[in-house]
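Written below as structure tokens is the structure these notes are about.
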Amino acid sequence: MIRSIDELGRFVIPKEIRKNMNLVTGDLLQLELINNSDDLLLVISKEESIAQCLGCGAYCRSNDNFCSNCGLYLKEDPTLK
Ligand SMILES: [Zn+2]
């Protein structure tokens, strides 16, 4: 499957793939770049367990310890201090 990217960096995930991944409007997607010998692969996965960083508001995996955007420790609850 080949898709073009627009001037803002967007592309459309084909309907059959959205259906296969059970994606609906508002779902969050995790994007990862993976080195595969000479190729860089973009892997897109549906993010099911999301935590929002209290520091910067970024969405992170709820099983990550640190925010991928600002590095804040995610398990820390400032209301418990
Ligand atoms: Zn953050």
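If you're wondering about the labels, chains in the structure tokens are A, B, ... by order shown, residues count from 1 in each chain, ligands from 1 in order shown.
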Which residues are near segment 1-17 of chain A? Cut-off 12 Å, only C-alpha atoms, ignore same chain within fewer than 3 positions. Put them as a ChimeraX atom specification. /A:20-25,29,44-46
Expected file contents, prior selection, N, CA and C atoms, as a short mmCIF file (atom, residue, chain, number, x, y, z; two decimals), in the first residue's frame:
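Wrote again-v4.cif, looks like this:
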```
data_model
loop_
_atom_site.label_atom_id
_atom_site.label_comp_id
_atom_site.auth_asym_id
_atom_site.auth_seq_id
_atom_site.Cartn_x
_atom_site.Cartn_y
_atom_site.Cartn_z
N ASN A 20 -9.18 -3.14 10.60
CA ASN A 20 -8.39 -4.24 11.13
C ASN A 20 -7.85 -3.95 12.52
N MET A 21 -7.42 -2.70 12.75
CA MET A 21 -6.85 -2.31 14.04
C MET A 21 -7.92 -1.82 15.01
N ASN A 22 -9.18 -1.83 14.55
CA ASN A 22 -10.30 -1.37 15.37
C ASN A 22 -10.09 0.09 15.82
N LEU A 23 -9.67 0.93 14.88
CA LEU A 23 -9.42 2.34 15.19
C LEU A 23 -10.66 3.16 14.96
N VAL A 24 -10.96 4.04 15.90
CA VAL A 24 -12.07 4.97 15.75
C VAL A 24 -11.55 6.39 16.03
N THR A 25 -12.36 7.38 15.65
CA THR A 25 -11.99 8.77 15.86
C THR A 25 -11.64 9.02 17.33
N LEU A 29 -2.52 6.97 18.93
CA LEU A 29 -1.62 6.06 18.25
C LEU A 29 -0.20 6.27 18.75
N ILE A 44 3.17 1.75 13.81
CA ILE A 44 2.03 2.46 14.41
C ILE A 44 1.22 1.44 15.21
N SER A 45 1.03 1.72 16.48
CA SER A 45 0.21 0.82 17.28
C SER A 45 -0.84 1.62 18.05
N LYS A 46 -1.94 0.98 18.32
CA LYS A 46 -3.01 1.62 19.06
C LYS A 46 -2.61 1.66 20.53
#
```
Each chain A residue no farther than 6 Å from ligand 1, nearest pair in Å, only C-alpha atoms and all ligand atoms, as CSV:
```
residue,atom,partner,partner_atom_place_in_ligand_line,distance
A:Cys53,CA,ligand 1,1 (Zn),4.6
A:Gly55,CA,ligand 1,1 (Zn),4.8
A:Cys56,CA,ligand 1,1 (Zn),4.1
A:Gly57,CA,ligand 1,1 (Zn),5.9
A:Ala58,CA,ligand 1,1 (Zn),5.4
A:Cys67,CA,ligand 1,1 (Zn),4.7
A:Asn69,CA,ligand 1,1 (Zn),5.0
A:Cys70,CA,ligand 1,1 (Zn),4.1
A:Gly71,CA,ligand 1,1 (Zn),5.9
A:Leu72,CA,ligand 1,1 (Zn),5.4
```
Those residues you just picked out, can you put them in a file as an mmCIF file, in the first residue's frame with C-alpha atoms?
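So the final result, stored in out-v9.cif, reads:
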```cif
data_model
loop_
_atom_site.group_PDB
_atom_site.id
_atom_site.type_symbol
_atom_site.label_atom_id
_atom_site.label_comp_id
_atom_site.auth_asym_id
_atom_site.auth_seq_id
_atom_site.Cartn_x
_atom_site.Cartn_y
_atom_site.Cartn_z
ATOM 1 C CA CYS A 53 1.702 13.805 32.332
ATOM 2 C CA GLY A 55 3.901 18.331 34.192
ATOM 3 C CA CYS A 56 3.403 19.008 30.494
ATOM 4 C CA GLY A 57 0.095 17.352 29.613
ATOM 5 C CA ALA A 58 1.638 14.959 27.102
ATOM 6 C CA CYS A 67 7.165 11.224 30.576
ATOM 7 C CA ASN A 69 8.175 14.566 26.494
ATOM 8 C CA CYS A 70 9.475 16.301 29.651
ATOM 9 C CA GLY A 71 11.007 13.422 31.632
ATOM 10 C CA LEU A 72 8.799 13.891 34.701
#
```
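Here atom CA of Ile34 of chain A and atom CA of Arg61 of chain A stand 17.9 Å from one another.
Closest to Asp27 of chain A among A:Leu42, A:Leu54, A:Phe66, A:Tyr59 is A:Tyr59, based on only C-alpha atoms.
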Alpha helix (DSSP H) positions in chain A, given as a PDB file with C-alpha atoms, in the first residue's frame:
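Output contents, as saved in states-v2.pdb:
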```
ATOM      1  CA  LYS A  15     -10.024   2.188   5.863  1.00  0.00           C
ATOM      2  CA  GLU A  16      -9.201  -1.530   5.764  1.00  0.00           C
ATOM      3  CA  ILE A  17      -6.258  -1.003   8.145  1.00  0.00           C
ATOM      4  CA  ARG A  18      -8.354   1.163  10.506  1.00  0.00           C
ATOM      5  CA  LYS A  19     -11.000  -1.545  10.530  1.00  0.00           C
ATOM      6  CA  ASN A  20      -8.392  -4.243  11.133  1.00  0.00           C
TER       7      ASN A  20
END
```
